[in-house]
$ cat structure.txt   # compact mmCIF, C-alpha atoms
# COMPACT_ATOMS: atom_id res chain seq x y z
CA MET E 22 -4.30 -15.68 25.32
CA GLN E 23 -7.54 -15.42 23.40
CA LEU E 24 -9.70 -14.25 26.25
CA HIS E 25 -12.38 -12.92 23.97
CA ALA E 26 -12.99 -16.19 22.18
CA PRO E 27 -14.65 -18.56 24.60
CA GLN E 28 -15.77 -20.94 21.86
CA VAL E 29 -12.30 -21.83 20.64
CA ALA E 30 -9.78 -24.29 21.96
CA PHE E 31 -12.54 -26.08 23.82
CA GLU E 32 -11.05 -29.02 25.71
CA GLY E 33 -7.98 -28.53 23.58
CA PHE E 34 -9.87 -28.93 20.31
CA ASP E 35 -10.70 -26.11 18.04
CA GLY E 36 -13.85 -27.65 16.65
CA PRO E 37 -14.84 -31.11 15.37
CA LEU E 38 -12.39 -31.18 12.47
CA ASP E 39 -9.58 -30.36 14.85
CA LEU E 40 -10.57 -33.26 17.08
CA LEU E 41 -10.73 -35.66 14.15
CA LEU E 42 -7.37 -34.52 12.86
CA GLN E 43 -5.89 -34.96 16.28
CA LEU E 44 -7.17 -38.54 16.43
CA VAL E 45 -5.54 -39.28 13.07
CA GLU E 46 -2.27 -37.80 14.22
CA GLU E 47 -2.31 -39.47 17.61
CA ARG E 48 -2.62 -42.82 15.91
CA GLN E 49 0.01 -41.91 13.34
CA LEU E 50 -2.36 -42.80 10.55
CA ASP E 51 -1.99 -41.72 6.96
CA ILE E 52 -4.68 -39.21 6.42
CA LEU E 53 -4.90 -40.17 2.75
CA LYS E 54 -5.53 -43.84 3.46
CA VAL E 55 -7.21 -44.19 6.82
CA ARG E 56 -10.88 -45.08 6.79
CA LEU E 57 -12.31 -42.18 8.67
CA GLY E 58 -15.26 -44.28 9.82
CA ASP E 59 -12.82 -46.38 11.83
CA LEU E 60 -12.25 -43.36 14.01
CA ALA E 61 -15.91 -43.07 14.95
CA ASP E 62 -15.59 -44.86 18.29
CA ALA E 63 -12.55 -42.89 19.35
CA TYR E 64 -14.21 -39.68 18.26
CA LEU E 65 -17.39 -40.41 20.19
CA MET E 66 -15.38 -41.38 23.23
CA ARG E 67 -13.59 -38.07 23.21
CA VAL E 68 -16.81 -36.15 22.71
CA HIS E 69 -18.40 -38.14 25.50
CA ALA E 70 -15.47 -37.40 27.80
CA MET E 71 -15.89 -33.69 27.47
CA ASP E 72 -17.24 -32.13 30.63
CA ALA E 73 -19.66 -30.02 28.71
CA LEU E 74 -20.10 -29.74 25.01
CA PRO E 75 -19.64 -26.22 23.75
CA ALA E 76 -23.16 -25.00 23.22
CA ASP E 77 -22.30 -23.14 20.04
CA GLU E 78 -20.74 -26.13 18.39
CA VAL E 79 -22.45 -29.12 19.86
CA ALA E 80 -24.39 -29.62 16.65
CA GLU E 81 -21.23 -29.61 14.59
CA PHE E 82 -19.50 -32.12 16.86
CA LEU E 83 -22.53 -34.40 16.71
CA ALA E 84 -23.02 -33.97 12.96
CA LEU E 85 -19.47 -35.09 12.38
CA ALA E 86 -19.94 -37.95 14.83
CA SER E 87 -23.01 -39.22 12.98
CA ARG E 88 -21.13 -38.91 9.70
CA LEU E 89 -18.30 -41.03 11.07
CA VAL E 90 -20.70 -43.65 12.40
CA LEU E 91 -22.38 -43.86 9.01
CA LEU E 92 -19.02 -44.27 7.29
CA LYS E 93 -18.08 -46.97 9.72
CA ALA E 94 -21.37 -48.81 9.23
CA ARG E 95 -20.87 -48.78 5.48
CA SER E 96 -17.39 -50.14 5.74
CA LEU E 97 -18.59 -52.98 8.00
CA LEU E 98 -21.41 -53.85 5.65
CA PRO E 99 -20.11 -53.10 2.18
CA SER E 100 -23.02 -54.95 0.60
CA LEU E 101 -25.38 -52.37 1.98
CA GLU E 102 -24.53 -49.65 -0.45
CA PRO E 103 -27.29 -47.11 -0.40
CA PRO E 104 -29.29 -47.28 -3.62
CA VAL E 105 -28.95 -43.58 -4.23
CA GLU E 106 -26.08 -41.49 -2.97
CA GLU E 107 -27.68 -39.60 -0.17
CA GLU E 108 -27.05 -36.06 0.76
CA GLY E 109 -24.22 -35.11 2.99
CA GLU E 110 -20.52 -35.60 2.89
CA THR E 111 -19.08 -38.73 1.41
CA GLU E 112 -15.90 -40.10 2.88
CA GLU E 113 -13.93 -38.44 0.10
CA GLU E 114 -15.45 -35.06 0.78
CA LEU E 115 -14.81 -35.38 4.46
CA ARG E 116 -11.25 -36.44 3.75
CA ALA E 117 -10.78 -33.46 1.47
CA ARG E 118 -12.01 -31.14 4.19
CA LEU E 119 -9.73 -32.77 6.70
CA LEU E 120 -6.77 -32.43 4.37
CA GLU E 121 -7.53 -28.83 3.76
CA TYR E 122 -7.87 -28.21 7.45
CA ALA E 123 -4.57 -29.99 8.07
CA THR E 124 -2.96 -27.68 5.51
CA THR E 125 -4.46 -24.69 7.24
CA LYS E 126 -3.07 -25.84 10.58
CA GLU E 127 0.36 -26.25 9.04
CA ARG E 128 0.17 -22.79 7.58
CA ALA E 129 -1.04 -21.33 10.85
CA ALA E 130 1.90 -22.98 12.57
CA ALA E 131 4.32 -21.60 9.98
CA LEU E 132 2.87 -18.12 10.45
CA GLY E 133 3.06 -18.55 14.20
CA ASP E 134 6.74 -19.48 13.87
CA LYS E 135 7.38 -16.34 11.89
CA LEU E 136 5.57 -14.28 14.47
CA ARG E 137 7.53 -15.81 17.34
CA ALA E 138 10.81 -15.31 15.49
CA GLY E 139 9.95 -11.63 15.73
CA GLU E 140 11.71 -10.78 12.51
CA ARG E 141 9.19 -8.28 11.38
CA HIS E 142 9.31 -5.23 9.17
CA PHE E 143 8.73 -1.67 10.25
CA HIS E 144 7.63 1.16 8.03
CA ARG E 145 8.20 4.86 8.35
CA GLU E 146 5.56 6.30 10.61
CA GLY E 147 3.64 9.16 9.09
CA GLY E 148 4.99 12.22 10.80
CA SER E 149 3.22 15.48 11.38
CA PRO E 150 3.06 17.51 8.20
CA VAL E 151 6.19 19.51 7.72
CA ASP E 152 5.86 23.24 7.13
CA MET E 153 7.88 23.62 4.01
CA PRO E 154 9.79 26.87 3.62
CA PRO E 155 8.65 28.87 0.60
CA ARG E 156 10.34 27.72 -2.55
CA GLY E 157 12.80 29.81 -4.47
CA GLY E 158 14.04 32.11 -1.72
CA ASP E 159 17.52 33.51 -2.15
CA SER E 160 19.98 33.70 0.66
CA GLY E 161 21.03 37.26 -0.26
CA ALA E 162 17.52 38.57 0.45
CA LEU E 163 17.48 36.66 3.71
CA ALA E 164 20.81 38.22 4.71
CA ALA E 165 19.53 41.69 3.81
CA ALA E 166 16.39 41.15 5.84
CA TRP E 167 18.44 39.99 8.78
CA ALA E 168 20.66 43.06 8.46
CA LYS E 169 17.56 45.25 8.65
CA VAL E 170 16.41 43.45 11.74
CA LEU E 171 19.80 43.96 13.34
CA ALA E 172 19.78 47.64 12.45
CA LEU E 173 16.34 47.99 13.93
CA ALA E 174 17.40 46.25 17.08
CA ALA E 175 20.46 48.41 17.41
CA ARG E 176 18.40 51.56 17.59
CA ALA E 177 17.03 53.02 20.75
CA ARG E 178 13.78 51.44 21.78
CA GLU E 179 10.88 53.53 20.65
CA GLU E 180 9.42 53.74 24.11
CA ASP E 181 12.42 55.91 24.86
CA ILE E 182 12.04 58.19 21.91
CA VAL E 183 8.34 58.38 21.25
CA ALA E 184 6.20 60.01 23.83
CA PRO E 185 2.90 58.19 24.45
CA ALA E 186 0.99 61.06 22.92
CA GLU E 187 2.85 60.64 19.66
CA ARG E 188 1.95 57.04 19.21
CA TYR E 189 0.26 56.17 15.99
CA SER E 190 -3.28 55.12 15.66
CA VAL E 191 -4.28 52.68 12.96
CA ASP E 192 -7.26 54.81 11.99
CA GLN E 193 -5.14 57.87 11.49
CA ARG E 194 -2.50 56.01 9.53
CA THR E 195 -5.14 54.32 7.39
CA ARG E 196 -6.57 57.71 6.43
CA GLU E 197 -3.10 58.99 5.59
CA ILE E 198 -2.36 56.03 3.35
CA GLU E 199 -5.76 56.22 1.75
CA ASP E 200 -5.06 59.83 0.83
CA LEU E 201 -1.64 58.97 -0.49
CA ILE E 202 -2.91 56.13 -2.60
CA ALA E 203 -5.68 58.29 -3.96
CA ARG E 204 -3.09 60.70 -5.28
CA HIS E 205 -0.34 58.33 -6.37
CA GLU E 206 -2.20 55.25 -7.50
CA GLU E 207 0.83 53.12 -6.75
CA LEU E 208 3.18 53.11 -3.77
CA THR E 209 5.73 50.82 -2.29
CA PHE E 210 5.71 49.58 1.23
CA GLY E 211 9.25 50.90 1.59
CA THR E 212 8.14 54.43 0.74
CA LEU E 213 5.39 54.29 3.32
CA LEU E 214 7.80 53.15 5.98
CA GLY E 215 10.30 55.86 5.26
CA GLU E 216 13.97 55.76 6.09
CA GLN E 217 14.02 54.89 9.73
CA PRO E 218 10.67 53.52 10.81
CA THR E 219 10.18 52.62 14.40
CA LEU E 220 8.75 49.23 15.09
CA GLY E 221 5.42 50.70 16.18
CA PHE E 222 5.19 52.81 13.04
CA ALA E 223 5.94 49.82 10.83
CA VAL E 224 3.37 47.64 12.60
CA VAL E 225 0.67 50.30 12.44
CA THR E 226 1.41 50.93 8.76
CA PHE E 227 1.24 47.23 8.01
CA ILE E 228 -2.06 46.77 9.84
CA SER E 229 -3.47 49.77 7.98
CA LEU E 230 -2.50 48.17 4.69
CA LEU E 231 -4.20 44.95 5.65
CA ASP E 232 -7.31 46.89 6.52
CA LEU E 233 -7.25 48.78 3.24
CA HIS E 234 -6.76 45.54 1.39
CA ARG E 235 -9.67 44.01 3.25
CA ARG E 236 -11.85 46.94 2.27
CA LEU E 237 -10.77 46.45 -1.36
CA VAL E 238 -9.23 49.91 -1.53
CA ILE E 239 -5.83 48.61 -2.56
CA GLU E 240 -4.28 45.51 -3.94
CA ILE E 241 -1.00 44.25 -2.65
CA VAL E 242 1.57 42.72 -4.99
CA GLN E 243 4.90 41.18 -4.20
CA ASP E 244 6.58 39.90 -7.32
CA ASP E 245 9.64 38.35 -5.74
CA LEU E 246 10.13 36.52 -2.51
CA PHE E 247 11.35 39.09 0.05
CA GLY E 248 11.04 41.69 -2.71
CA GLU E 249 9.44 45.07 -2.51
CA ILE E 250 5.74 45.12 -1.75
CA THR E 251 3.75 47.27 -4.17
CA LEU E 252 0.39 48.77 -3.27
CA ARG E 253 -1.99 49.73 -6.04
CA ARG E 254 -5.20 51.61 -5.92
CA LYS E 255 -7.84 49.07 -6.62
CA ALA E 256 -10.70 51.07 -8.08
CA PRO E 257 -10.99 54.73 -9.00
CA ARG E 258 -12.17 56.58 -6.01
CA ARG E 259 -15.85 56.69 -6.06
CA GLU E 260 -17.24 60.18 -6.60
CA PRO E 261 -19.57 61.39 -3.93
CA GLU E 262 -23.10 60.15 -4.50
CA GLU E 263 -24.72 63.55 -4.99
CA THR E 264 -22.55 64.53 -7.94
CA THR E 265 -23.28 61.39 -9.95
CA ALA E 266 -26.97 61.60 -9.39
CA PRO E 267 -28.79 63.18 -12.34
CA MET P 208 25.99 1.29 -9.34
CA ARG P 209 22.29 1.85 -9.58
CA THR P 210 20.55 3.16 -12.61
CA PRO P 211 19.14 6.69 -12.46
CA ASN P 212 15.58 5.32 -12.34
CA ALA P 213 16.37 3.11 -9.36
CA ILE P 214 18.02 6.01 -7.56
CA ALA P 215 15.03 8.25 -8.22
CA ALA P 216 12.55 5.58 -7.15
CA GLU P 217 14.47 4.99 -3.94
CA ALA P 218 14.40 8.69 -3.10
CA VAL P 219 10.64 8.92 -3.65
CA LEU P 220 9.97 5.78 -1.61
CA PHE P 221 12.19 7.14 1.15
CA VAL P 222 10.04 10.21 1.75
CA ALA P 223 6.70 8.48 1.16
CA GLU P 224 4.62 8.11 4.29
CA LYS P 225 2.24 5.67 2.67
CA PRO P 226 2.60 3.03 -0.01
CA VAL P 227 3.26 4.43 -3.47
CA THR P 228 1.48 2.91 -6.42
CA LEU P 229 3.48 1.93 -9.47
CA ARG P 230 1.68 4.61 -11.46
CA GLU P 231 2.43 7.33 -8.91
CA LEU P 232 6.03 6.27 -8.80
CA ALA P 233 6.33 6.24 -12.59
CA ARG P 234 4.81 9.70 -12.81
CA SER P 235 7.11 11.02 -10.09
CA ILE P 236 10.32 9.76 -11.61
CA GLY P 237 9.24 10.43 -15.16
CA ALA P 238 9.63 6.88 -16.38
CA THR P 239 7.37 4.40 -18.09
CA LEU P 240 5.56 1.78 -16.02
CA ARG P 241 7.81 -0.88 -17.44
CA ALA P 242 10.96 1.06 -16.64
CA THR P 243 9.66 1.78 -13.15
CA GLU P 244 9.03 -1.91 -12.57
CA ALA P 245 12.58 -2.62 -13.68
CA ALA P 246 13.85 0.04 -11.28
CA LEU P 247 11.92 -1.56 -8.40
CA GLU P 248 13.30 -4.98 -9.27
CA GLU P 249 16.76 -3.52 -9.27
CA LEU P 250 16.24 -1.84 -5.89
CA ASP P 251 14.79 -5.02 -4.45
CA ALA P 252 17.88 -6.98 -5.45
CA ASN P 253 20.11 -4.17 -4.16
CA TYR P 254 18.64 -4.21 -0.68
CA GLU P 255 19.90 -7.68 0.14
CA GLY P 256 22.41 -7.25 2.90
CA THR P 257 21.18 -3.81 3.94
CA GLY P 258 18.85 -2.57 6.67
CA LEU P 259 16.08 -1.91 4.20
CA ARG P 260 13.68 -3.97 2.15
CA LEU P 261 11.22 -3.21 -0.57
CA GLN P 262 7.71 -4.34 0.33
CA HIS P 263 4.76 -4.59 -1.98
CA ASP P 264 1.12 -5.53 -1.74
CA GLY P 265 -0.93 -5.47 -4.88
CA ASP P 266 -0.01 -2.31 -6.70
CA GLY P 267 1.52 -0.48 -3.73
CA TRP P 268 5.21 -0.26 -2.86
CA ARG P 269 7.05 1.03 0.16
CA LEU P 270 10.35 0.88 1.99
CA VAL P 271 10.47 -1.05 5.24
CA THR P 272 13.20 -2.13 7.61
CA ALA P 273 14.84 -5.52 7.11
CA PRO P 274 13.41 -8.34 9.27
CA ASP P 275 16.76 -9.10 10.88
CA THR P 276 16.96 -5.57 12.24
CA ALA P 277 13.57 -5.90 13.96
CA ARG P 278 14.84 -6.02 17.53
CA PHE P 279 16.86 -2.84 17.12
CA VAL P 280 14.04 -0.92 15.51
CA ALA P 281 11.60 -2.30 18.09
CA ALA P 282 13.95 -1.14 20.84
CA TYR P 283 14.06 2.32 19.32
CA LEU P 284 10.30 2.53 18.78
CA GLY P 285 9.42 0.77 22.00
CA ALA P 286 7.23 -1.58 19.99
CA ASP P 287 5.51 -4.52 21.67
CA ARG P 288 5.59 -8.02 20.31
CA LEU P 289 2.34 -8.98 18.62
CA ARG P 290 0.60 -12.00 20.10
CA VAL P 291 -2.04 -13.95 18.23
CA SER P 292 -3.87 -17.00 19.58
CA ALA P 293 -3.70 -20.34 17.80
CA ALA P 294 -7.35 -20.04 16.77
CA ALA P 295 -6.84 -16.56 15.34
CA LEU P 296 -3.72 -17.78 13.54
CA GLU P 297 -5.76 -20.49 11.82
CA THR P 298 -8.32 -17.98 10.66
CA LEU P 299 -5.54 -15.68 9.56
CA ALA P 300 -3.87 -18.51 7.65
CA VAL P 301 -7.04 -19.21 5.67
CA ILE P 302 -7.49 -15.53 4.87
CA ALA P 303 -3.84 -14.93 4.01
CA TYR P 304 -3.47 -17.88 1.64
CA GLN P 305 -6.87 -17.79 0.01
CA GLN P 306 -7.85 -14.15 0.01
CA PRO P 307 -10.25 -12.72 -0.71
CA VAL P 308 -12.46 -15.08 1.29
CA THR P 309 -15.78 -14.80 3.07
CA ARG P 310 -16.42 -15.68 6.68
CA ALA P 311 -18.48 -18.71 5.58
CA GLU P 312 -15.50 -20.00 3.61
CA VAL P 313 -13.18 -19.60 6.58
CA GLU P 314 -15.68 -21.39 8.78
CA GLY P 315 -16.09 -24.12 6.19
CA ILE P 316 -12.38 -24.84 6.33
CA ARG P 317 -11.95 -24.55 10.07
CA GLY P 318 -15.24 -26.23 10.94
CA VAL P 319 -15.98 -23.72 13.67
CA ASN P 320 -17.59 -20.35 14.06
CA CYS P 321 -15.05 -17.64 13.28
CA ASP P 322 -16.89 -14.46 14.24
CA GLN P 323 -14.68 -13.78 17.20
CA THR P 324 -11.35 -14.51 15.57
CA ILE P 325 -12.25 -12.38 12.57
CA TYR P 326 -13.22 -9.59 14.92
CA THR P 327 -9.94 -9.94 16.78
CA LEU P 328 -7.89 -9.93 13.58
CA MET P 329 -9.81 -6.92 12.30
CA SER P 330 -9.24 -4.98 15.49
CA ARG P 331 -5.52 -5.71 15.24
CA ARG P 332 -5.62 -4.52 11.65
CA LEU P 333 -4.16 -7.77 10.36
CA ILE P 334 -7.12 -8.25 8.04
CA GLU P 335 -9.56 -5.88 6.40
CA GLU P 336 -12.78 -5.94 4.46
CA ARG P 337 -12.16 -6.05 0.75
CA GLY P 338 -15.65 -5.50 -0.53
CA ARG P 339 -18.51 -7.85 -1.13
CA ARG P 340 -18.80 -11.08 -3.05
CA GLU P 341 -21.30 -11.01 -5.86
CA GLY P 342 -24.09 -13.44 -5.27
CA ALA P 343 -26.56 -14.46 -2.61
CA GLY P 344 -26.29 -12.38 0.51
CA ARG P 345 -23.38 -10.42 -0.90
CA PRO P 346 -21.08 -11.59 1.91
CA ILE P 347 -18.08 -9.51 2.94
CA GLU P 348 -14.74 -10.62 1.58
CA TYR P 349 -11.64 -10.39 3.74
CA GLY P 350 -8.00 -9.96 2.88
CA THR P 351 -4.76 -9.21 4.69
CA THR P 352 -3.32 -5.75 5.33
CA TRP P 353 0.06 -4.04 5.13
CA GLU P 354 0.15 -4.53 8.89
CA PHE P 355 -0.01 -8.27 8.32
CA LEU P 356 2.93 -8.29 5.90
CA GLU P 357 4.85 -6.13 8.31
CA CYS P 358 4.17 -8.11 11.48
CA PHE P 359 5.04 -11.41 9.82
CA GLY P 360 8.16 -10.11 8.13
CA LEU P 361 6.89 -10.71 4.60
CA ALA P 362 8.07 -8.55 1.72
CA SER P 363 4.93 -9.54 -0.15
CA LEU P 364 2.28 -12.24 -0.20
CA ASP P 365 4.59 -14.24 -2.44
CA GLU P 366 6.68 -14.86 0.66
CA LEU P 367 3.96 -16.66 2.59
CA PRO P 368 5.64 -19.79 3.91
CA THR P 369 4.98 -22.94 1.94
CA VAL P 370 4.24 -25.98 4.03
CA LEU P 371 4.45 -29.67 3.51
CA THR P 372 1.04 -31.26 3.59
CA PRO P 373 -0.07 -34.86 3.28
CA GLU P 374 -0.58 -34.15 -0.40
CA GLY P 375 2.95 -32.94 -0.87
CA LEU P 376 4.35 -29.48 -1.19
CA SER P 377 1.55 -27.00 -1.19
CA THR P 378 1.94 -23.65 -2.76
CA ARG P 379 -0.35 -20.69 -2.56
CA PRO P 380 -3.12 -20.44 -3.47
CA VAL P 381 -5.09 -23.59 -3.02
CA PRO P 382 -8.48 -23.67 -4.68
CA VAL P 383 -11.15 -21.90 -2.71
CA PRO P 384 -13.36 -24.57 -1.16
CA VAL P 385 -16.88 -25.19 -2.30
CA ALA P 386 -18.96 -23.12 0.02
CA GLY P 387 -22.15 -25.07 -0.50
CA ASP P 388 -21.98 -27.18 2.61
CA VAL P 389 -20.98 -24.39 4.94
CA GLU P 390 -23.58 -21.76 4.27
CA ALA P 391 -25.92 -23.10 6.93
CA GLU P 392 -25.53 -21.22 10.16
$ encode --input "structure.txt" --output "structure tokens"
Amino acid sequence: MQLHAPQVAFEGFDGPLDLLLQLVEERQLDILKVRLGDLADAYLMRVHAMDALPADEVAEFLALASRLVLLKARSLLPSLEPPVEEEGETEEELRARLLEYATTKERAAALGDKLRAGERHFHREGGSPVDMPPRGGDSGALAAAWAKVLALAARAREEDIVAPAERYSVDQRTREIEDLIARHEELTFGTLLGEQPTLGFAVVTFISLLDLHRRLVIEIVQDDLFGEITLRRKAPRREPEETTAP
Amino acid sequence: MRTPNAIAAEAVLFVAEKPVTLRELARSIGATLRATEAALEELDANYEGTGLRLQHDGDGWRLVTAPDTARFVAAYLGADRLRVSAAALETLAVIAYQQPVTRAEVEGIRGVNCDQTIYTLMSRRLIEERGRREGAGRPIEYGTTWEFLECFGLASLDELPTVLTPEGLSTRPVPVPVAGDVEAE
């Protein structure tokens, strides 16, 4: 299962502590009472029986082995207490580690059980951001807009009624609007469109407005959603250069 | 009947695409932190016997599906079963019960090198880096993720299974081990 972890589960043991714990369990010993040194022979036998010691952990296996041998030697010769407690793990410390490791194994097993039971949670996956409709629209305006669209669609297509030569150019329309706005200061989009605009006329007018807005000639205000669009002259028309010059 | 705060909190958690902090939730529903906590407790109790559960990790809260509905939701989502090796489970157990922990602490408990299992758990997003421990070397500390809670069907870390150990019933957390004898690489 764990293909990427060659160092684990070596010969069925996941490290020296695992091997020691397994020896305790195999012999049905009480981990709190057993003299760990008594397991030294069994431990060494198992290490010896391994085909090849894992290179990464050979030192740890052997360190634990030497610790066990030392513990065993002390228990056989209790009179030979070392004068000063030497460095390294005492039996109690080793036991504490083993107990902690045993707890960890139990917990890992409990987690594994939960995983195998498959009773997991799921959360809501983050979806793609939703394009929210503008807030505060009113359905009456929507209906009116739809009615206009229907009316527009009901009319003859402009290709049939407008000869190619009469088509509008954006430049021409822009100049017209610029003149109008110069005189009136404020206009509505509705006025510019007139009563029965063709689609082409409306599009050209709209593009002209965008252009004028871009050139800072007008500002465009729409107070209400779907409401009338008001166009205001942005700055007083600049007088020709030569007249302002002293 | 639920209280208005609980109803409001449920609605906010329903649309949330990421965990909501208590503070965010309180601000959204216009309640005090204390009242929001009470609302969450109420919701939590209410979800027993439904398809939903309230999940929390630290300060974050979110709605998740109930564990006993997993196979249906998995069938709908086409989700694969997560598999974790025994070695990775051991490393995960240390991190889950004793977080935040450093790699050296995990290795001290397991008695083996844990580079690979930590890497595996990280790549499966079951654990994450939590910052650095103050002190020598400033080692990285690891903790579990939302993904972990989710995959193991835990509503929160409080639900980590308790196990019987030779010392008796062990509850989380056990003292973090002395790292002195495991620093050597």
$ residues_near_point --input "structure.txt" --point "(8.7, 2.2, 16.6)" --cutoff "12 Å" --atoms "only C-alpha atoms" --output "PDB file with C-alpha atoms, keeping the file's coordinate frame"
ATOM      1  CA  ARG E 141       9.190  -8.280  11.380  1.00  0.00           C
ATOM      2  CA  HIS E 142       9.310  -5.230   9.170  1.00  0.00           C
ATOM      3  CA  PHE E 143       8.730  -1.670  10.250  1.00  0.00           C
ATOM      4  CA  HIS E 144       7.630   1.160   8.030  1.00  0.00           C
ATOM      5  CA  ARG E 145       8.200   4.860   8.350  1.00  0.00           C
ATOM      6  CA  GLU E 146       5.560   6.300  10.610  1.00  0.00           C
ATOM      7  CA  GLY E 147       3.640   9.160   9.090  1.00  0.00           C
TER       8      GLY E 147
ATOM      9  CA  VAL P 271      10.470  -1.050   5.240  1.00  0.00           C
ATOM     10  CA  THR P 272      13.200  -2.130   7.610  1.00  0.00           C
ATOM     11  CA  ALA P 277      13.570  -5.900  13.960  1.00  0.00           C
ATOM     12  CA  ARG P 278      14.840  -6.020  17.530  1.00  0.00           C
ATOM     13  CA  PHE P 279      16.860  -2.840  17.120  1.00  0.00           C
ATOM     14  CA  VAL P 280      14.040  -0.920  15.510  1.00  0.00           C
ATOM     15  CA  ALA P 281      11.600  -2.300  18.090  1.00  0.00           C
ATOM     16  CA  ALA P 282      13.950  -1.140  20.840  1.00  0.00           C
ATOM     17  CA  TYR P 283      14.060   2.320  19.320  1.00  0.00           C
ATOM     18  CA  LEU P 284      10.300   2.530  18.780  1.00  0.00           C
ATOM     19  CA  GLY P 285       9.420   0.770  22.000  1.00  0.00           C
ATOM     20  CA  ALA P 286       7.230  -1.580  19.990  1.00  0.00           C
ATOM     21  CA  ASP P 287       5.510  -4.520  21.670  1.00  0.00           C
ATOM     22  CA  ARG P 288       5.590  -8.020  20.310  1.00  0.00           C
TER      23      ARG P 288
END
$ residues_around --input "structure.txt" --residues "Thr125 of chain E" --least-positions-apart "4" --cutoff "9 Å" --atoms "only C-alpha atoms" --output "JSON, numbers by chain"
{"E": [120, 121, 129, 130], "P": [297, 298, 300, 301, 304, 316, 317]}
$ atom_distance --input "structure.txt" --atom1 "atom CA of Leu296 of chain P" --atom2 "atom CA of Glu46 of chain E"
20.1 Å
$ residues_around --input "structure.txt" --residues "Glu231 of chain P" --least-positions-apart "2" --cutoff "12 Å" --atoms "only C-alpha atoms" --output "number ranges by chain"
P: 216, 219-220, 223, 225-229, 233-240, 243-244, 266-269
$ residues_around --input "structure.txt" --residues "segment 56-62 of chain E" --least-positions-apart "6" --cutoff "7 Å" --atoms "only C-alpha atoms" --output "list in words"
Ala86, Leu89, Val90, Leu92 and Lys93 of chain E
$ write_last_selection --input "structure.txt" --atoms "C-alpha atoms" --output "mmCIF file, in the frame of the given file"
data_model
loop_
_atom_site.group_PDB
_atom_site.id
_atom_site.type_symbol
_atom_site.label_atom_id
_atom_site.label_comp_id
_atom_site.auth_asym_id
_atom_site.auth_seq_id
_atom_site.Cartn_x
_atom_site.Cartn_y
_atom_site.Cartn_z
ATOM 1 C CA ALA E 86 -19.940 -37.950 14.830
ATOM 2 C CA LEU E 89 -18.300 -41.030 11.070
ATOM 3 C CA VAL E 90 -20.700 -43.650 12.400
ATOM 4 C CA LEU E 92 -19.020 -44.270 7.290
ATOM 5 C CA LYS E 93 -18.080 -46.970 9.720
#
$ atom_distance --input "structure.txt" --atom1 "atom CA of Leu220 of chain E" --atom2 "atom CA of Asp245 of chain E"
23.5 Å
$ closest_residue --input "structure.txt" --among "E:Thr124, E:Gln43, E:Thr219, E:Gln193" --to "Leu371 of chain P" --atoms "all atoms listed in the file"
E:Thr124
$ closest_residue --input "structure.txt" --among "E:Leu163, E:Ala175, E:Leu42, E:Leu98" --to "chain P" --atoms "only C-alpha atoms"
E:Leu42
$ atom_distance --input "structure.txt" --atom1 "atom CA of Arg209 of chain P" --atom2 "atom CA of Leu261 of chain P"
15.1 Å
$ closest_residue --input "structure.txt" --among "P:Gly318, P:Gly265, P:Gly350, P:Gly344" --to "chain E" --atoms "all atoms listed in the file"
P:Gly318
$ residues_near_point --input "structure.txt" --point "(3.9, -6.4, 9.5)" --cutoff "9 Å" --atoms "all atoms listed in the file" --output "short mmCIF file (atom, residue, chain, number, x, y, z; two decimals) with C-alpha atoms, in the frame of the given file"
data_model
loop_
_atom_site.label_atom_id
_atom_site.label_comp_id
_atom_site.auth_asym_id
_atom_site.auth_seq_id
_atom_site.Cartn_x
_atom_site.Cartn_y
_atom_site.Cartn_z
CA ARG E 141 9.19 -8.28 11.38
CA HIS E 142 9.31 -5.23 9.17
CA PHE E 143 8.73 -1.67 10.25
CA HIS E 144 7.63 1.16 8.03
CA LEU P 333 -4.16 -7.77 10.36
CA THR P 352 -3.32 -5.75 5.33
CA TRP P 353 0.06 -4.04 5.13
CA GLU P 354 0.15 -4.53 8.89
CA PHE P 355 -0.01 -8.27 8.32
CA LEU P 356 2.93 -8.29 5.90
CA GLU P 357 4.85 -6.13 8.31
CA CYS P 358 4.17 -8.11 11.48
CA PHE P 359 5.04 -11.41 9.82
CA GLY P 360 8.16 -10.11 8.13
CA LEU P 361 6.89 -10.71 4.60
#
$ closest_residue --input "structure.txt" --among "P:Ala294, P:Leu364, P:Ile302, P:Val313" --to "chain E" --atoms "all atoms listed in the file"
P:Ala294
